[in-house]
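Reproduced below: coords_17.tsv, with TSV, C-alpha atoms.
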chain	number	residue	atom	x	y	z
A	1	MET	CA	13.95	-61.24	76.16
A	2	VAL	CA	16.68	-58.80	77.25
A	3	LYS	CA	18.69	-59.92	80.25
A	4	ASN	CA	18.50	-57.38	83.02
A	5	ASN	CA	18.79	-57.11	86.79
A	6	PHE	CA	15.56	-55.24	87.44
A	7	TRP	CA	13.65	-56.16	90.55
A	8	SER	CA	10.53	-58.29	90.36
A	9	PRO	CA	7.67	-56.01	89.24
A	10	TYR	CA	5.64	-57.23	92.22
A	11	ILE	CA	8.40	-56.15	94.64
A	12	ALA	CA	8.82	-52.77	92.90
A	13	GLY	CA	5.03	-52.37	92.82
A	14	THR	CA	4.74	-53.12	96.55
A	15	GLY	CA	7.46	-50.57	97.30
A	16	LEU	CA	5.73	-48.01	95.10
A	17	GLY	CA	2.37	-48.73	96.76
A	18	LEU	CA	3.87	-48.25	100.24
A	19	THR	CA	5.49	-44.99	99.08
A	20	LEU	CA	2.11	-43.80	97.80
A	21	LEU	CA	0.43	-44.82	101.08
A	22	ALA	CA	3.10	-42.92	103.05
A	23	THR	CA	2.45	-39.88	100.82
A	24	PHE	CA	-1.30	-40.01	101.54
A	25	TYR	CA	-0.55	-40.31	105.27
A	26	ILE	CA	2.11	-37.60	105.46
A	27	ALA	CA	0.99	-35.03	102.86
A	28	GLY	CA	-2.72	-35.71	102.47
A	29	TRP	CA	-2.52	-36.13	98.67
A	30	GLY	CA	-0.91	-38.54	96.24
A	31	LEU	CA	2.18	-38.70	94.04
A	32	GLY	CA	2.32	-36.82	90.72
A	33	ALA	CA	4.56	-35.61	87.94
A	34	SER	CA	2.95	-33.75	85.03
A	35	SER	CA	2.00	-30.56	86.91
A	36	THR	CA	5.72	-29.94	87.49
A	37	PHE	CA	6.29	-29.67	83.73
A	38	SER	CA	3.45	-27.17	83.49
A	39	LEU	CA	4.88	-25.20	86.44
A	40	LEU	CA	8.44	-25.13	85.05
A	41	THR	CA	7.18	-24.13	81.59
A	42	SER	CA	5.17	-21.24	83.01
A	43	VAL	CA	8.08	-20.06	85.21
A	44	GLY	CA	10.54	-20.36	82.30
A	45	MET	CA	8.19	-18.61	79.85
A	46	ASN	CA	7.66	-15.86	82.41
A	47	GLN	CA	11.40	-15.10	82.28
A	48	VAL	CA	11.43	-14.79	78.49
A	49	LEU	CA	7.96	-13.42	77.70
A	50	PRO	CA	6.46	-12.12	80.97
A	51	ASP	CA	3.52	-10.19	79.45
A	52	PHE	CA	2.50	-13.06	77.18
A	53	THR	CA	2.83	-15.66	79.97
A	54	ARG	CA	0.93	-13.64	82.58
A	55	GLY	CA	-1.78	-13.12	79.96
A	56	LEU	CA	-2.36	-16.87	79.84
A	57	ALA	CA	-4.98	-17.49	82.53
A	58	TYR	CA	-3.96	-21.14	82.93
A	59	PHE	CA	-0.27	-20.33	83.50
A	60	SER	CA	-0.76	-17.17	85.56
A	61	GLN	CA	-2.34	-19.26	88.37
A	62	ASN	CA	1.09	-20.95	88.72
A	63	LEU	CA	2.81	-17.57	88.98
A	64	ASN	CA	0.46	-15.74	91.34
A	65	THR	CA	2.07	-17.18	94.47
A	66	GLU	CA	4.84	-15.70	96.56
A	67	ALA	CA	7.44	-18.29	95.55
A	68	PRO	CA	6.21	-20.41	92.59
A	69	LEU	CA	9.15	-22.81	92.86
A	70	LYS	CA	8.46	-23.66	96.51
A	71	ASN	CA	6.09	-26.27	95.17
A	72	TRP	CA	5.51	-29.71	96.72
A	73	MET	CA	5.25	-31.54	93.39
A	74	LEU	CA	8.43	-29.91	92.03
A	75	PHE	CA	10.39	-31.05	95.10
A	76	GLU	CA	8.88	-34.53	94.75
A	77	VAL	CA	10.00	-34.71	91.10
A	78	VAL	CA	13.54	-33.67	92.14
A	79	GLY	CA	13.38	-36.62	94.54
A	80	VAL	CA	12.20	-38.90	91.71
A	81	PHE	CA	15.27	-37.94	89.69
A	82	ILE	CA	17.67	-38.59	92.60
A	83	GLY	CA	15.93	-41.87	93.48
A	84	ALA	CA	15.93	-43.13	89.89
A	85	LEU	CA	19.57	-42.08	89.45
A	86	SER	CA	20.46	-43.99	92.64
A	87	GLY	CA	18.54	-47.02	91.36
A	88	ALA	CA	20.28	-46.89	87.97
A	89	LEU	CA	23.73	-46.58	89.59
A	90	LEU	CA	22.91	-49.32	92.11
A	91	GLY	CA	21.84	-51.66	89.31
A	92	ARG	CA	24.74	-50.58	87.06
A	93	ASN	CA	22.09	-49.50	84.58
A	94	PHE	CA	23.26	-45.91	84.04
A	95	LYS	CA	24.39	-45.31	80.46
A	96	PHE	CA	24.06	-42.29	78.18
A	97	ARG	CA	21.95	-43.46	75.24
A	98	PHE	CA	19.21	-42.58	72.84
A	99	ASP	CA	16.74	-45.38	73.43
A	100	ARG	CA	14.58	-46.52	70.50
A	101	GLY	CA	13.15	-49.56	68.73
A	102	SER	CA	15.59	-51.36	66.41
A	103	ALA	CA	13.61	-50.31	63.31
A	104	THR	CA	13.49	-46.63	64.36
A	105	GLY	CA	16.24	-44.21	63.25
A	106	VAL	CA	17.60	-41.43	65.45
A	107	GLY	CA	15.80	-38.68	63.50
A	108	MET	CA	12.52	-40.59	63.72
A	109	ARG	CA	13.08	-41.14	67.46
A	110	LEU	CA	13.61	-37.40	67.99
A	111	PHE	CA	10.32	-36.79	66.21
A	112	THR	CA	8.36	-39.45	68.17
A	113	ALA	CA	9.82	-38.34	71.52
A	114	VAL	CA	8.83	-34.71	71.00
A	115	THR	CA	5.40	-35.29	69.38
A	116	GLY	CA	4.46	-38.03	71.86
A	117	GLY	CA	5.68	-35.71	74.62
A	118	ILE	CA	3.47	-32.89	73.32
A	119	MET	CA	0.47	-35.26	73.32
A	120	ILE	CA	1.02	-36.43	76.91
A	121	GLY	CA	1.79	-32.87	78.04
A	122	PHE	CA	-1.51	-31.61	76.61
A	123	ALA	CA	-3.50	-34.70	77.65
A	124	GLY	CA	-2.13	-34.56	81.19
A	125	ARG	CA	-3.41	-30.98	81.57
A	126	LEU	CA	-6.81	-31.88	80.11
A	127	ALA	CA	-7.19	-34.86	82.48
A	128	ARG	CA	-5.87	-32.84	85.48
A	129	GLY	CA	-2.89	-35.18	85.87
A	130	CYS	CA	-1.04	-38.12	84.37
A	131	THR	CA	-0.37	-41.79	85.05
A	132	SER	CA	0.92	-40.90	88.54
A	133	GLY	CA	-1.36	-38.08	89.69
A	134	VAL	CA	-4.65	-39.37	88.29
A	135	GLY	CA	-4.02	-43.04	87.32
A	136	LEU	CA	-1.98	-44.28	90.26
A	137	SER	CA	-3.05	-41.89	93.04
A	138	GLY	CA	-6.69	-41.63	91.92
A	139	GLY	CA	-6.81	-45.37	91.22
A	140	ALA	CA	-5.64	-46.15	94.77
A	141	GLN	CA	-8.27	-43.80	96.21
A	142	LEU	CA	-10.83	-45.76	94.13
A	143	ALA	CA	-11.69	-42.39	92.59
A	144	ILE	CA	-13.74	-42.59	89.36
A	145	ALA	CA	-11.19	-40.18	87.81
A	146	GLY	CA	-8.33	-42.67	88.19
A	147	TRP	CA	-10.14	-45.60	86.67
A	148	ILE	CA	-11.59	-43.82	83.63
A	149	PHE	CA	-8.13	-42.39	82.92
A	150	VAL	CA	-6.39	-45.78	83.24
A	151	ILE	CA	-8.97	-47.63	81.13
A	152	ALA	CA	-8.97	-44.97	78.37
A	153	MET	CA	-5.15	-44.89	78.42
A	154	PHE	CA	-4.77	-48.66	78.01
A	155	VAL	CA	-7.52	-48.99	75.35
A	156	PHE	CA	-6.08	-46.19	73.20
A	157	GLY	CA	-2.51	-47.35	73.85
A	158	PHE	CA	-3.41	-50.74	72.37
A	159	ILE	CA	-5.10	-49.07	69.39
A	160	ALA	CA	-2.06	-46.82	68.79
A	161	ALA	CA	0.31	-49.80	69.05
A	162	ALA	CA	-1.73	-51.70	66.45
A	163	PHE	CA	-1.12	-48.83	64.01
A	164	LEU	CA	2.54	-48.35	65.01
A	165	LYS	CA	3.66	-51.99	64.93
A	166	ARG	CA	7.32	-51.37	64.13
A	167	LEU	CA	7.92	-48.39	66.41
A	168	TRP	CA	9.29	-50.38	69.36
A	169	SER	CA	10.16	-53.75	67.74
B	1	MET	CA	-1.17	-39.99	115.22
B	2	THR	CA	-3.93	-39.50	112.69
B	3	GLY	CA	-2.93	-38.70	109.12
B	4	PRO	CA	-2.50	-36.50	107.17
B	5	LEU	CA	0.26	-34.92	109.24
B	6	ASP	CA	0.42	-31.22	110.02
B	7	VAL	CA	3.98	-30.05	109.30
B	8	SER	CA	5.70	-26.77	108.39
B	9	GLN	CA	6.19	-25.82	104.73
B	10	ASP	CA	9.94	-26.47	104.81
B	11	MET	CA	9.40	-29.87	106.43
B	12	SER	CA	6.72	-30.66	103.87
B	13	LEU	CA	9.08	-29.85	100.98
B	14	PHE	CA	11.84	-31.93	102.55
B	15	LEU	CA	9.48	-34.90	102.90
B	16	ALA	CA	8.42	-34.39	99.26
B	17	VAL	CA	12.02	-35.04	98.17
B	18	ILE	CA	12.23	-38.16	100.37
B	19	LEU	CA	8.92	-39.59	99.10
B	20	GLY	CA	9.92	-38.72	95.52
B	21	PHE	CA	13.24	-40.52	96.08
B	22	PHE	CA	11.46	-43.79	96.80
B	23	PHE	CA	9.00	-43.20	93.95
B	24	GLY	CA	11.93	-42.81	91.52
B	25	LEU	CA	13.90	-45.70	93.02
B	26	PHE	CA	11.02	-48.17	92.64
B	27	LEU	CA	10.15	-46.90	89.15
B	28	GLU	CA	13.71	-47.36	87.91
B	29	ARG	CA	14.31	-50.69	89.67
B	30	GLY	CA	10.97	-51.96	88.36
B	31	GLY	CA	12.27	-51.28	84.85
B	32	LEU	CA	9.97	-48.32	84.24
B	33	GLY	CA	12.72	-45.95	83.08
B	34	ASN	CA	13.11	-48.08	79.95
B	35	PRO	CA	10.79	-47.07	77.05
B	36	ARG	CA	10.91	-50.56	75.49
B	37	LYS	CA	9.64	-52.05	78.76
B	38	LEU	CA	7.18	-49.15	79.19
B	39	THR	CA	5.57	-49.78	75.80
B	40	GLY	CA	5.90	-53.59	75.97
B	41	VAL	CA	2.42	-54.07	77.40
B	42	PHE	CA	0.85	-52.57	74.26
B	43	TYR	CA	2.71	-55.09	72.07
B	44	LEU	CA	2.13	-57.99	74.52
B	45	THR	CA	5.88	-58.47	74.96
B	46	ASP	CA	6.46	-57.15	78.50
B	47	PHE	CA	3.91	-56.69	81.26
B	48	ALA	CA	6.07	-54.76	83.75
B	49	VAL	CA	3.84	-51.65	83.62
B	50	PRO	CA	0.51	-53.26	84.58
B	51	LYS	CA	2.25	-55.54	87.12
B	52	VAL	CA	3.98	-52.64	88.92
B	53	MET	CA	1.02	-50.27	88.56
B	54	PHE	CA	-1.78	-52.56	89.74
B	55	THR	CA	0.34	-54.03	92.57
B	56	ALA	CA	1.02	-50.47	93.77
B	57	ILE	CA	-2.67	-49.50	93.49
B	58	LEU	CA	-3.79	-52.57	95.47
B	59	VAL	CA	-1.20	-52.04	98.22
B	60	ALA	CA	-1.91	-48.30	98.58
B	61	ALA	CA	-5.71	-48.69	98.33
B	62	THR	CA	-5.81	-51.47	100.95
B	63	GLY	CA	-3.56	-49.45	103.25
B	64	LEU	CA	-5.52	-46.22	102.78
B	65	TYR	CA	-8.94	-47.73	103.53
B	66	LEU	CA	-7.55	-49.89	106.37
B	67	LEU	CA	-5.97	-46.85	108.06
B	68	SER	CA	-9.24	-44.97	107.56
B	69	ASP	CA	-11.33	-47.78	109.10
B	70	LEU	CA	-8.89	-47.95	112.03
B	71	LYS	CA	-9.33	-44.17	112.50
B	72	LEU	CA	-5.61	-43.65	111.89
B	73	MET	CA	-6.32	-41.59	108.81
B	74	ASP	CA	-8.90	-38.86	108.28
B	75	LEU	CA	-10.06	-39.43	104.68
B	76	GLY	CA	-12.04	-36.19	104.91
B	77	LYS	CA	-8.73	-34.31	105.01
B	78	VAL	CA	-7.21	-36.22	102.10
B	79	TRP	CA	-7.38	-34.48	98.71
B	80	ILE	CA	-9.32	-36.97	96.59
B	81	VAL	CA	-8.61	-36.69	92.84
B	82	PRO	CA	-11.71	-34.90	91.46
B	83	THR	CA	-13.61	-36.51	88.61
B	84	PHE	CA	-14.44	-34.67	85.40
B	85	PHE	CA	-15.75	-37.58	83.36
B	86	TRP	CA	-15.38	-36.54	79.70
B	87	PRO	CA	-12.16	-34.48	79.95
B	88	GLN	CA	-10.51	-37.36	81.81
B	89	LEU	CA	-11.78	-39.94	79.33
B	90	VAL	CA	-10.59	-37.92	76.32
B	91	GLY	CA	-7.38	-36.91	78.14
B	92	GLY	CA	-6.66	-40.55	79.05
B	93	ALA	CA	-7.22	-41.64	75.43
B	94	LEU	CA	-4.89	-39.00	73.97
B	95	PHE	CA	-2.41	-39.77	76.75
B	96	GLY	CA	-2.39	-43.47	75.79
B	97	ILE	CA	-1.51	-42.60	72.19
B	98	GLY	CA	1.20	-40.14	73.26
B	99	TYR	CA	2.61	-42.71	75.67
B	100	VAL	CA	3.10	-45.30	72.88
B	101	VAL	CA	4.55	-42.66	70.52
B	102	SER	CA	6.98	-41.09	73.03
B	103	GLY	CA	7.70	-44.25	75.03
B	104	TYR	CA	7.22	-42.45	78.33
B	105	CYS	CA	4.78	-40.77	80.66
B	106	PRO	CA	5.91	-37.70	82.68
B	107	GLY	CA	7.14	-39.56	85.80
B	108	THR	CA	8.85	-42.36	83.90
B	109	ALA	CA	10.53	-39.81	81.58
B	110	VAL	CA	12.26	-38.41	84.68
B	111	ALA	CA	13.34	-41.97	85.58
B	112	GLY	CA	14.47	-42.49	81.97
B	113	LEU	CA	16.62	-39.36	81.99
B	114	ALA	CA	18.06	-40.36	85.37
B	115	SER	CA	19.30	-43.62	83.81
B	116	GLY	CA	21.04	-41.65	81.02
B	117	ARG	CA	18.35	-41.67	78.33
B	118	LEU	CA	18.59	-38.49	76.30
B	119	ASP	CA	15.43	-39.36	74.34
B	120	ALA	CA	13.60	-38.94	77.67
B	121	LEU	CA	14.91	-35.37	77.88
B	122	VAL	CA	13.48	-34.71	74.40
B	123	ALA	CA	10.14	-36.17	75.53
B	124	MET	CA	10.24	-33.89	78.61
B	125	ILE	CA	10.69	-30.83	76.37
B	126	GLY	CA	7.66	-32.08	74.41
B	127	ILE	CA	5.64	-32.32	77.65
B	128	GLY	CA	6.50	-28.69	78.38
B	129	ILE	CA	5.40	-27.66	74.87
B	130	GLY	CA	2.17	-29.66	75.27
B	131	SER	CA	1.45	-27.83	78.56
B	132	LEU	CA	2.07	-24.51	76.81
B	133	ILE	CA	-0.31	-25.40	73.96
B	134	PHE	CA	-2.94	-26.29	76.57
B	135	ALA	CA	-2.41	-22.94	78.32
B	136	VAL	CA	-2.64	-21.00	75.02
B	137	PHE	CA	-5.86	-22.74	73.98
B	138	TYR	CA	-7.29	-22.79	77.52
B	139	PRO	CA	-9.93	-20.08	76.79
B	140	VAL	CA	-11.32	-22.31	74.00
B	141	ILE	CA	-11.02	-25.58	75.96
B	142	GLU	CA	-12.17	-24.29	79.36
B	143	GLY	CA	-15.85	-25.14	78.81
B	144	PHE	CA	-15.03	-28.78	78.05
B	145	TYR	CA	-12.32	-28.89	80.75
B	146	GLN	CA	-14.86	-27.90	83.44
B	147	SER	CA	-17.67	-30.12	82.10
B	148	SER	CA	-19.12	-33.33	83.61
B	149	ALA	CA	-17.82	-32.49	87.10
B	150	MET	CA	-18.53	-35.26	89.62
B	151	GLY	CA	-16.48	-33.92	92.55
B	152	GLU	CA	-14.76	-36.45	94.80
B	153	ALA	CA	-16.65	-39.39	93.29
B	154	THR	CA	-15.36	-42.86	94.18
B	155	ILE	CA	-16.37	-46.29	92.87
B	156	PRO	CA	-17.75	-47.49	96.26
B	157	GLY	CA	-19.55	-44.15	96.67
B	158	VAL	CA	-21.23	-44.28	93.26
B	159	LEU	CA	-22.13	-47.98	93.57
B	160	GLY	CA	-23.29	-47.51	97.17
B	161	VAL	CA	-21.27	-50.49	98.42
B	162	SER	CA	-18.51	-50.92	101.01
B	163	HIS	CA	-14.98	-50.14	99.81
B	164	TRP	CA	-14.04	-53.68	100.83
B	165	VAL	CA	-16.45	-55.07	98.21
B	166	VAL	CA	-14.70	-53.01	95.52
B	167	LEU	CA	-11.24	-53.92	96.84
B	168	THR	CA	-12.09	-57.63	96.89
B	169	ALA	CA	-13.28	-57.41	93.28
B	170	LEU	CA	-10.06	-55.58	92.35
B	171	PHE	CA	-7.89	-58.19	94.07
B	172	ILE	CA	-9.66	-60.98	92.15
B	173	ALA	CA	-9.42	-59.09	88.82
B	174	ALA	CA	-5.73	-58.21	89.33
B	175	GLY	CA	-4.91	-61.75	90.50
B	176	LEU	CA	-6.48	-63.23	87.37
B	177	MET	CA	-4.74	-60.65	85.18
B	178	PHE	CA	-1.32	-61.40	86.77
B	179	TYR	CA	-1.93	-65.15	86.38
B	180	PHE	CA	-2.67	-64.87	82.65
B	181	MET	CA	0.26	-62.47	82.09
B	182	GLU	CA	2.68	-64.90	83.75
B	183	ARG	CA	1.27	-67.81	81.76
B	184	TYR	CA	1.48	-65.86	78.50
B	185	GLU	CA	5.06	-64.74	79.20
B	186	LYS	CA	6.12	-68.31	80.00
B	187	LYS	CA	4.51	-69.59	76.79
B	188	THR	CA	6.05	-66.94	74.50
B	189	ARG	CA	9.46	-67.41	76.15
B	190	GLN	CA	9.33	-71.15	75.34
B	191	ASP	CA	8.31	-70.40	71.75
B	192	HIS	CA	11.40	-68.26	71.29
B	193	SER	CA	13.88	-70.73	72.78
Mind turning this structure into structure tokens?
Amino acid sequence: MVKNNFWSPYIAGTGLGLTLLATFYIAGWGLGASSTFSLLTSVGMNQVLPDFTRGLAYFSQNLNTEAPLKNWMLFEVVGVFIGALSGALLGRNFKFRFDRGSATGVGMRLFTAVTGGIMIGFAGRLARGCTSGVGLSGGAQLAIAGWIFVIAMFVFGFIAAAFLKRLWS
Amino acid sequence: MTGPLDVSQDMSLFLAVILGFFFGLFLERGGLGNPRKLTGVFYLTDFAVPKVMFTAILVAATGLYLLSDLKLMDLGKVWIVPTFFWPQLVGGALFGIGYVVSGYCPGTAVAGLASGRLDALVAMIGIGIGSLIFAVFYPVIEGFYQSSAMGEATIPGVLGVSHWVVLTALFIAAGLMFYFMERYEKKTRQDHS
């Protein structure tokens, strides 16, 4: 057990739940994250390879607005960064590091971070959102979408962990 | 005032930053910027993720349906996450594997980077690449992606019961789950001492 000064998960969860409720009340939709990565990738790709990017039907829908970066979810994610940075500084938990399991080397960690990232990036698009947008927000709306996503995620997370026993030990 | 609120675009973007601020603060302070805590549930060593997540779902769900019953919130104007059964089942499954492998999900990767974790930045680049792969293969995937559409389906709607029946069942299930997690953590902590 690592000693830390994190808040009780029930306190943090209550705060997160009230934030989500306030988001429903103010904006009329829930919290999210993964669509921002899709948006930033399409905007970035459009700078480098405009013809190729605009030819991708899925990405061009992000670009066919007057100001693609005036996006609610992007601004929310900027807020997430500032809020988490404030939390880390407040708890004296900010430290530059390359976090990994004790049996995992740096090269291996680079590989797992990028391949795992690719999987969640792809899966988040397929499911129309991630843990926040579909799992948390959909779950709180009692939407079928949220609960099938959460159940599938936990079941396959346990299966993956059984095969990758030493990854995070 | 009945929600959702009607505000200007600039005001809406400003409020997005404020709401995101609290989202990030509670994620980080709940320990969910730390990939070892984030993956702990899958190794039965740390249950922070389900504790934070299901507490948040219960609080927000109770509040949402209470405000709706009190006519303080117009649920008809709330964007309900649409259900596409098979894509979300397969997406959730692949997401679970990627979550264990990378140690993060998109929101918690942002919290991880904000606490100085450079591996989270690498995972974020991966998420961008994964989105690009999806966009490139979209013409092939589109049929599956649009399949099994159920619209704004909810559990109480499909079961034909009151949302309070579903919420009561969720409270009981989550309460039992929290009880067994606490008991298990106490037991394993004693074993190690």
Task: Residue among B:Glu185, B:Glu152, B:Asp119, B:Asp46 lying closest to Leu32 (chain B), counting all atoms listed in the file - done: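 Looking at the shortest contact to Leu32 (chain B), the residue is B:Asp46.
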Open item on the list: Ranking B:Tyr99, B:Phe14, B:Tyr104, B:Phe85 by minimum distance to Lys70 (chain A) and counting all atoms listed in the file, which one comes first?
Closed with: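 Distance minimum relative to Lys70 (chain A) lands on B:Phe14.
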Open item on the list: For a test of reading the model, state the distance in Å between CA of Ile118 (chain A) and CA of Ala160 (chain A), rounded to one decimal.
Closed with: 15.7 Å
TODO: Could you check how far CA of Ala140 (chain A) sits from CA of Ser8 (chain B), in Å to one decimal?
DONE: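 Taking CA of Ala140 (chain A) and CA of Ser8 (chain B), their separation equals 26.3 Å.
Closest approach to Asp74 (chain B) among B:Ile97, B:Leu5, B:Val140, B:Val122: B:Leu5, based on all atoms listed in the file.
Minimum atom-to-atom distances from A:Gly107, A:Gly32, A:Gly17, A:Gly101 to chain B were compared using only C-alpha atoms, and the lowest value belongs to A:Gly17.
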Task: Minimum-distance residue to chain B, chosen among A:Gln47, A:Ser102, A:Ser86, A:Thr65 (using all atoms listed in the file) - done: A:Ser86
- [ ] State, in Å with one decimal place, the distance from CA of Phe47 (chain B) to CA of Gly87 (chain A).
- [x]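 These two atoms are separated by 20.2 Å.
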Fix up region 48-72 of chain A with N, CA and C atoms, then write it as a PDB file, in the coordinates of the input.
ATOM      1  N   VAL A  48      11.173 -15.217  79.869  1.00  0.00           N
ATOM      2  CA  VAL A  48      11.430 -14.790  78.490  1.00  0.00           C
ATOM      3  C   VAL A  48      10.349 -13.821  78.000  1.00  0.00           C
ATOM      4  N   LEU A  49       9.088 -14.220  78.183  1.00  0.00           N
ATOM      5  CA  LEU A  49       7.960 -13.420  77.700  1.00  0.00           C
ATOM      6  C   LEU A  49       6.960 -13.173  78.836  1.00  0.00           C
ATOM      7  N   PRO A  50       7.316 -12.283  79.771  1.00  0.00           N
ATOM      8  CA  PRO A  50       6.460 -12.120  80.970  1.00  0.00           C
ATOM      9  C   PRO A  50       5.029 -11.668  80.650  1.00  0.00           C
ATOM     10  N   ASP A  51       4.867 -10.696  79.731  1.00  0.00           N
ATOM     11  CA  ASP A  51       3.520 -10.190  79.450  1.00  0.00           C
ATOM     12  C   ASP A  51       2.638 -11.271  78.837  1.00  0.00           C
ATOM     13  N   PHE A  52       3.221 -11.977  77.858  1.00  0.00           N
ATOM     14  CA  PHE A  52       2.500 -13.060  77.180  1.00  0.00           C
ATOM     15  C   PHE A  52       2.096 -14.143  78.195  1.00  0.00           C
ATOM     16  N   THR A  53       3.064 -14.560  79.039  1.00  0.00           N
ATOM     17  CA  THR A  53       2.830 -15.660  79.970  1.00  0.00           C
ATOM     18  C   THR A  53       1.781 -15.289  81.017  1.00  0.00           C
ATOM     19  N   ARG A  54       1.898 -14.058  81.552  1.00  0.00           N
ATOM     20  CA  ARG A  54       0.930 -13.640  82.580  1.00  0.00           C
ATOM     21  C   ARG A  54      -0.456 -13.435  81.986  1.00  0.00           C
ATOM     22  N   GLY A  55      -0.489 -13.250  80.645  1.00  0.00           N
ATOM     23  CA  GLY A  55      -1.780 -13.120  79.960  1.00  0.00           C
ATOM     24  C   GLY A  55      -2.487 -14.454  79.780  1.00  0.00           C
ATOM     25  N   LEU A  56      -1.753 -15.553  79.959  1.00  0.00           N
ATOM     26  CA  LEU A  56      -2.360 -16.870  79.840  1.00  0.00           C
ATOM     27  C   LEU A  56      -2.984 -17.237  81.190  1.00  0.00           C
ATOM     28  N   ALA A  57      -4.301 -17.264  81.241  1.00  0.00           N
ATOM     29  CA  ALA A  57      -4.980 -17.490  82.530  1.00  0.00           C
ATOM     30  C   ALA A  57      -4.514 -18.795  83.179  1.00  0.00           C
ATOM     31  N   TYR A  58      -4.319 -19.841  82.361  1.00  0.00           N
ATOM     32  CA  TYR A  58      -3.960 -21.140  82.930  1.00  0.00           C
ATOM     33  C   TYR A  58      -2.569 -21.132  83.570  1.00  0.00           C
ATOM     34  N   PHE A  59      -1.629 -20.397  82.956  1.00  0.00           N
ATOM     35  CA  PHE A  59      -0.270 -20.330  83.500  1.00  0.00           C
ATOM     36  C   PHE A  59      -0.157 -19.307  84.630  1.00  0.00           C
ATOM     37  N   SER A  60      -0.936 -18.217  84.552  1.00  0.00           N
ATOM     38  CA  SER A  60      -0.760 -17.170  85.560  1.00  0.00           C
ATOM     39  C   SER A  60      -1.127 -17.682  86.959  1.00  0.00           C
ATOM     40  N   GLN A  61      -2.003 -18.702  87.045  1.00  0.00           N
ATOM     41  CA  GLN A  61      -2.340 -19.260  88.370  1.00  0.00           C
ATOM     42  C   GLN A  61      -1.111 -19.915  89.016  1.00  0.00           C
ATOM     43  N   ASN A  62      -0.154 -20.399  88.188  1.00  0.00           N
ATOM     44  CA  ASN A  62       1.090 -20.950  88.720  1.00  0.00           C
ATOM     45  C   ASN A  62       1.999 -19.859  89.259  1.00  0.00           C
ATOM     46  N   LEU A  63       1.858 -18.642  88.686  1.00  0.00           N
ATOM     47  CA  LEU A  63       2.810 -17.570  88.980  1.00  0.00           C
ATOM     48  C   LEU A  63       2.327 -16.631  90.089  1.00  0.00           C
ATOM     49  N   ASN A  64       1.020 -16.666  90.358  1.00  0.00           N
ATOM     50  CA  ASN A  64       0.460 -15.740  91.340  1.00  0.00           C
ATOM     51  C   ASN A  64       0.627 -16.224  92.768  1.00  0.00           C
ATOM     52  N   THR A  65       1.776 -16.827  93.082  1.00  0.00           N
ATOM     53  CA  THR A  65       2.070 -17.180  94.470  1.00  0.00           C
ATOM     54  C   THR A  65       3.396 -16.513  94.821  1.00  0.00           C
ATOM     55  N   GLU A  66       3.659 -16.433  96.105  1.00  0.00           N
ATOM     56  CA  GLU A  66       4.840 -15.700  96.560  1.00  0.00           C
ATOM     57  C   GLU A  66       6.128 -16.294  95.998  1.00  0.00           C
ATOM     58  N   ALA A  67       6.256 -17.617  96.085  1.00  0.00           N
ATOM     59  CA  ALA A  67       7.440 -18.290  95.550  1.00  0.00           C
ATOM     60  C   ALA A  67       6.969 -19.499  94.744  1.00  0.00           C
ATOM     61  N   PRO A  68       6.772 -19.324  93.420  1.00  0.00           N
ATOM     62  CA  PRO A  68       6.210 -20.410  92.590  1.00  0.00           C
ATOM     63  C   PRO A  68       7.012 -21.708  92.659  1.00  0.00           C
ATOM     64  N   LEU A  69       8.328 -21.601  92.883  1.00  0.00           N
ATOM     65  CA  LEU A  69       9.150 -22.810  92.860  1.00  0.00           C
ATOM     66  C   LEU A  69       9.159 -23.548  94.204  1.00  0.00           C
ATOM     67  N   LYS A  70       8.592 -22.933  95.243  1.00  0.00           N
ATOM     68  CA  LYS A  70       8.460 -23.660  96.510  1.00  0.00           C
ATOM     69  C   LYS A  70       7.199 -24.511  96.427  1.00  0.00           C
ATOM     70  N   ASN A  71       7.253 -25.486  95.536  1.00  0.00           N
ATOM     71  CA  ASN A  71       6.090 -26.270  95.170  1.00  0.00           C
ATOM     72  C   ASN A  71       6.320 -27.736  95.548  1.00  0.00           C
ATOM     73  N   TRP A  72       5.359 -28.336  96.231  1.00  0.00           N
ATOM     74  CA  TRP A  72       5.510 -29.710  96.720  1.00  0.00           C
ATOM     75  C   TRP A  72       5.846 -30.678  95.591  1.00  0.00           C
TER      76      TRP A  72
END
